[in-house]
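Report on one structure; see the data block that follows.
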Amino acid sequence: MKKSLLLTACAAAALTGAAEGWNEMAILSRPDGNGGLSYDYDNRIQSTAYTNALFLDFNNDGNLDLLVMGSGADWKLSRDVKFLLLYKNMGPESGYEMRRVPDSVTGFVQAVDEAYLNPVTVGDVNNDGYVDIVTMTYRGDRCIDLYLNNGGDGSFTHTVIDNKAMTNGAVTLGDINNDGNLDILANGWSADSSVKGMAIYTGNGDGTFVKTAPAPLFGTFEGHSTLADLDGNGFLDIVMTGHGDGWSRHAKIFYNTPDADNAPQFTLVDNDVTGLTGVNLGQVLAADFNGDGLTDLVLNGREDGDATRVRMFYRQADGTYTLDPSYPICPVNTEGGINMADWDGDGNMDIVVGGYVGTDAPQGCYSTPLRIYRNTSDSNRRPEAPASVTVTQDGDYLNVTWTDGSDDVTATGALRYNVYVRYELTGETFCIIPADIESGALKVGTDLATTISANRKSLRIKSLGNGRHTVGVQTLDQSFAPSRFATAEIEVAGVSNVSNDNNAMQVTVDGLNVTVTTSDASAADIFIYTPDGLLAAAGSTNTSISLPAAGLYIIAAPGTPLIPVKLTIR
């Protein structure tokens, strides 16, 4: 068995007195420049417990913003107090301060899931170049909710995809049928008797979905499910853990073996064949951790006998998994969690552990909020970028295609691709997985299943306005080591300079003069902002409003149901 080597990197200081005890907390961790972490306790982020948080770039400015779902824990805050919050990264000029976007702007329903395993996932579900949000929450009904991004201004359009869905589980985005549209995988305690706890919501590419539950899919509760191409055939498979009937614990793989039309068909392989350990109340990570070109699994959670461990399973050529019996990663209580990212930028996925680490000694179990296990394997090499990238315009949309990338270990069909689209007029840059477009380094290790399969190698995405666009495509191996981006450019013309037009607010432009009207001829105060939130001009409907210069603007009518629109003036 070829192992990856893991080295713990912890901050030198223990938790301060202000953070000890049973309190809701919000700690923003950053690299300290010495291989460890510094902890920012005075960060203005809402303190929560039972928290799920992830980074995203909702406004395409290249800075990582923060999404938080959590609640009180009957310590400082009642467990009945629930949060779904968005924080905008204010950038280097403001010390990368995370500033809360008002709930009145986001439109988020303040609700959470019964558990906190993976109730939030992000990706561009309507191919408009802005990341959207999907959540799983329990609020009397068991709901899957969609928040469509209204062009990066911090507001979202809320839709309940399914109010007879499932909760106490996980929700994940990925293109399961390789049609170019993101689908939703949901797993948990089901409110729909016709669905055995797991469903696929097939995306239509416009923010609508069709619910299916093909056999032999079935689900668990208090579990986690994730999407990953385990067998390297270019189609996303499902890994599922959690409780089943009779409180049994599971770790099952549903291999995606599509028919001739790429319609998903699944083959169930149970843990008595794979060698995985059934667990509940934990997370699943999927990546090639030892650089052999095969996708390994890390399972966190409680097994039969109630032992809580983090288990590293290495995939073998025959599809079975071998447990590393040394358990190189410290155990973490079920109120903690694990995640992954390339912490040191060496092309290997590292693992982060947070929370109570499974010892009864108080100073041991809370000696540091986070532990990073560096993957010190030197066997992985970065893949090569596609040899060529092509971009063409089709109306308001860009069609991006590319040739195969390559890797020294990962099979060509198992490679995946990350894509960015940059609008050179404004610098606005959409990236499927946030990345440094110069070096290619990924900025996050979450929602990696939203990348594009080698079976497709194309993306249809709405342009960001008239003018020059640069598109970049990078190759990702099964370690999610990135190549540099191969790029192409295009001059876009004939695109409406108003996006997100919802037919309730119409905008006409004459040079630098803007007039806003409404479909029902109602009067409203109009405010026009720059992308960083500064007021550029104000007026009212049916009157001309003068802007100071060409550029990107957000037009809003606060206090009305009118959805803000984005305007680009050249």
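Identifiers in the structure tokens: chain A, B, ... in order shown; residue index from 1 per chain; ligand index from 1 in order shown.
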Give me every helix (DSSP H, G or I) residue in segment 27-151 of chain A, going by DSSP on the backbone, as a compact mmCIF listing (two decimals) with N, CA and C atoms, in the first residue's frame.
# COMPACT_ATOMS: atom_id res chain seq x y z
N PRO A 92 -7.77 43.73 -0.05
CA PRO A 92 -6.53 44.12 0.63
C PRO A 92 -6.56 45.53 1.20
N GLU A 93 -7.31 46.43 0.56
CA GLU A 93 -7.36 47.81 1.06
C GLU A 93 -7.97 47.88 2.45
N SER A 94 -8.79 46.90 2.80
CA SER A 94 -9.45 46.88 4.12
C SER A 94 -8.96 45.72 4.97
N ASP A 103 -29.14 40.81 5.73
CA ASP A 103 -30.12 39.78 5.37
C ASP A 103 -31.20 40.34 4.46
N SER A 104 -31.51 41.62 4.62
CA SER A 104 -32.52 42.24 3.77
C SER A 104 -32.06 42.32 2.32
N VAL A 105 -30.75 42.26 2.12
CA VAL A 105 -30.20 42.27 0.76
C VAL A 105 -30.11 40.85 0.21
N THR A 106 -29.56 39.93 0.98
CA THR A 106 -29.37 38.56 0.47
C THR A 106 -30.70 37.87 0.19
(Q) Taking 3 positions as the minimum chain separation for residues in the same chain, which residues sit within 12 Å of Arg484 of chain A when counting only C-alpha atoms? Answer as an MDAnalysis selection string. (A) chainID A and resid 347 382:387 405 417:420 435:442 472:476 481 487
Task: segment 274-286 of chain A environment, 8 Å, only C-alpha atoms, sequence neighbours closer than 2 positions dropped, as a ChimeraX atom specification - done: /A:117-118,222-226,228,239,241-243,249-252,269-272,288,295-304,313,319-323,334,337-340
Could the residues in this selection be saved with N, CA and C atoms as a tab-separated table (two decimals), in the first residue's frame?
chain	number	residue	atom	x	y	z
A	117	LEU	N	-23.68	18.43	8.58
A	117	LEU	CA	-22.66	17.65	7.88
A	117	LEU	C	-22.29	18.28	6.55
A	118	ASN	N	-23.26	18.55	5.71
A	118	ASN	CA	-22.98	19.28	4.47
A	118	ASN	C	-24.29	19.83	3.92
A	222	GLU	N	-28.25	11.31	9.32
A	222	GLU	CA	-27.03	11.57	10.08
A	222	GLU	C	-25.81	11.11	9.29
A	223	GLY	N	-25.85	11.38	8.00
A	223	GLY	CA	-24.77	10.93	7.14
A	223	GLY	C	-24.33	11.99	6.16
A	224	HIS	N	-23.34	11.63	5.39
A	224	HIS	CA	-22.77	12.53	4.40
A	224	HIS	C	-22.71	11.78	3.08
A	225	SER	N	-23.02	12.46	2.00
A	225	SER	CA	-22.82	11.90	0.66
A	225	SER	C	-22.03	12.90	-0.15
A	226	THR	N	-21.23	12.39	-1.06
A	226	THR	CA	-20.44	13.27	-1.91
A	226	THR	C	-20.33	12.67	-3.29
A	228	ALA	N	-17.84	12.04	-6.62
A	228	ALA	CA	-16.45	11.96	-7.07
A	228	ALA	C	-16.36	10.86	-8.12
A	239	VAL	N	-20.61	8.51	-3.02
A	239	VAL	CA	-20.18	7.86	-1.78
A	239	VAL	C	-21.12	8.31	-0.69
A	241	THR	N	-22.46	7.78	3.46
A	241	THR	CA	-22.36	7.22	4.80
A	241	THR	C	-23.59	7.64	5.60
A	242	GLY	N	-23.74	7.04	6.80
A	242	GLY	CA	-24.83	7.45	7.67
A	242	GLY	C	-25.60	6.28	8.24
A	243	HIS	N	-26.65	6.60	9.00
A	243	HIS	CA	-27.53	5.61	9.61
A	243	HIS	C	-28.60	5.17	8.62
A	249	ARG	N	-25.08	1.26	10.32
A	249	ARG	CA	-24.17	2.27	9.77
A	249	ARG	C	-23.66	1.80	8.41
A	250	HIS	N	-23.54	2.76	7.51
A	250	HIS	CA	-23.24	2.42	6.13
A	250	HIS	C	-22.05	3.22	5.59
A	251	ALA	N	-21.40	2.63	4.60
A	251	ALA	CA	-20.43	3.32	3.74
A	251	ALA	C	-20.55	2.64	2.38
A	252	LYS	N	-21.37	3.21	1.51
A	252	LYS	CA	-21.71	2.57	0.25
A	252	LYS	C	-21.25	3.43	-0.92
A	269	VAL	N	-22.22	-0.95	-4.70
A	269	VAL	CA	-21.18	-1.81	-4.15
A	269	VAL	C	-21.09	-1.52	-2.66
A	270	ASP	N	-21.34	-2.53	-1.85
A	270	ASP	CA	-21.44	-2.33	-0.40
A	270	ASP	C	-20.06	-2.41	0.24
A	271	ASN	N	-20.02	-2.03	1.53
A	271	ASN	CA	-18.74	-1.95	2.21
A	271	ASN	C	-18.14	-3.32	2.50
A	272	ASP	N	-18.94	-4.40	2.45
A	272	ASP	CA	-18.34	-5.71	2.63
A	272	ASP	C	-17.51	-6.11	1.42
A	288	ASP	N	-7.02	11.83	-4.63
A	288	ASP	CA	-5.85	10.96	-4.69
A	288	ASP	C	-4.82	11.52	-3.71
A	295	THR	N	-8.49	7.45	-6.82
A	295	THR	CA	-9.16	8.32	-5.86
A	295	THR	C	-9.36	7.60	-4.54
A	296	ASP	N	-8.72	8.12	-3.51
A	296	ASP	CA	-8.81	7.58	-2.16
A	296	ASP	C	-9.96	8.25	-1.41
A	297	LEU	N	-10.27	7.71	-0.25
A	297	LEU	CA	-11.37	8.24	0.56
A	297	LEU	C	-10.92	8.44	2.00
A	298	VAL	N	-11.39	9.50	2.61
A	298	VAL	CA	-11.22	9.72	4.04
A	298	VAL	C	-12.61	9.79	4.65
A	299	LEU	N	-12.87	8.92	5.62
A	299	LEU	CA	-14.17	8.86	6.28
A	299	LEU	C	-14.01	9.26	7.73
A	300	ASN	N	-14.76	10.24	8.14
A	300	ASN	CA	-14.80	10.67	9.53
A	300	ASN	C	-16.15	10.30	10.10
A	301	GLY	N	-16.19	9.90	11.37
A	301	GLY	CA	-17.46	9.62	11.99
A	301	GLY	C	-17.38	8.50	13.00
A	302	ARG	N	-18.55	8.07	13.43
A	302	ARG	CA	-18.68	7.09	14.50
A	302	ARG	C	-19.03	5.74	13.90
A	303	GLU	N	-18.25	4.73	14.21
A	303	GLU	CA	-18.49	3.38	13.70
A	303	GLU	C	-19.21	2.54	14.74
A	304	ASP	N	-19.55	1.30	14.39
A	304	ASP	CA	-20.17	0.39	15.35
A	304	ASP	C	-19.26	0.25	16.56
A	313	PHE	N	-8.58	5.60	3.64
A	313	PHE	CA	-8.71	4.41	2.82
A	313	PHE	C	-8.05	4.67	1.47
A	319	GLY	N	-10.46	-1.78	-7.24
A	319	GLY	CA	-11.62	-1.05	-6.76
A	319	GLY	C	-11.90	-1.20	-5.28
A	320	THR	N	-11.12	-2.01	-4.58
A	320	THR	CA	-11.28	-2.12	-3.13
A	320	THR	C	-10.47	-1.03	-2.45
A	321	TYR	N	-10.72	-0.87	-1.15
A	321	TYR	CA	-10.03	0.16	-0.38
A	321	TYR	C	-9.33	-0.48	0.81
A	322	THR	N	-8.11	-0.01	1.08
A	322	THR	CA	-7.31	-0.52	2.18
A	322	THR	C	-7.15	0.55	3.24
A	323	LEU	N	-7.51	0.21	4.47
A	323	LEU	CA	-7.43	1.15	5.58
A	323	LEU	C	-5.98	1.28	6.05
A	334	THR	N	-17.85	14.18	16.92
A	334	THR	CA	-18.86	14.39	15.89
A	334	THR	C	-19.35	15.82	15.82
A	337	GLY	N	-15.16	18.42	12.67
A	337	GLY	CA	-15.24	18.05	11.26
A	337	GLY	C	-13.88	18.03	10.60
A	338	ILE	N	-13.86	17.56	9.35
A	338	ILE	CA	-12.65	17.52	8.55
A	338	ILE	C	-12.93	18.16	7.20
A	339	ASN	N	-11.88	18.63	6.56
A	339	ASN	CA	-11.99	19.16	5.21
A	339	ASN	C	-10.63	19.04	4.56
A	340	MET	N	-10.52	19.46	3.31
A	340	MET	CA	-9.24	19.34	2.62
A	340	MET	C	-9.00	20.55	1.74
Determine, counting only C-alpha atoms, which protein, DNA and RNA residues have an atom within 6 Å of an atom of Lys164 of chain A; residues of the same chain fewer than 2 positions away are not included. Present the result as a PyMOL selection string.
-> chain A and resi 142+162+191-192
Keeping N, CA and C atoms, export the residues of the selection given above as a PDB file, in the first residue's frame.
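out_11.pdb, written as the output of this step:
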ATOM      1  N   ARG A 142     -39.187  19.721   5.131  1.00  0.00           N
ATOM      2  CA  ARG A 142     -37.807  19.367   4.786  1.00  0.00           C
ATOM      3  C   ARG A 142     -37.546  19.921   3.385  1.00  0.00           C
ATOM      4  N   ASP A 162     -37.762  21.932  -3.483  1.00  0.00           N
ATOM      5  CA  ASP A 162     -38.566  20.800  -3.015  1.00  0.00           C
ATOM      6  C   ASP A 162     -38.846  21.002  -1.530  1.00  0.00           C
ATOM      7  N   ALA A 191     -38.948  13.182   3.453  1.00  0.00           N
ATOM      8  CA  ALA A 191     -40.366  13.465   3.677  1.00  0.00           C
ATOM      9  C   ALA A 191     -41.228  12.894   2.570  1.00  0.00           C
ATOM     10  N   ASP A 192     -40.617  12.310   1.566  1.00  0.00           N
ATOM     11  CA  ASP A 192     -41.316  11.768   0.400  1.00  0.00           C
ATOM     12  C   ASP A 192     -41.232  10.249   0.463  1.00  0.00           C
TER      13      ASP A 192
END
Q.
Using only C-alpha atoms for the distances, tell me which of A:Ile526, A:Val112, A:Ala199, A:Cys330 is nearest to Ile184 of chain A.
A.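 Among A:Ile526, A:Val112, A:Ala199, A:Cys330, it is A:Ala199 that comes nearest to Ile184 of chain A.
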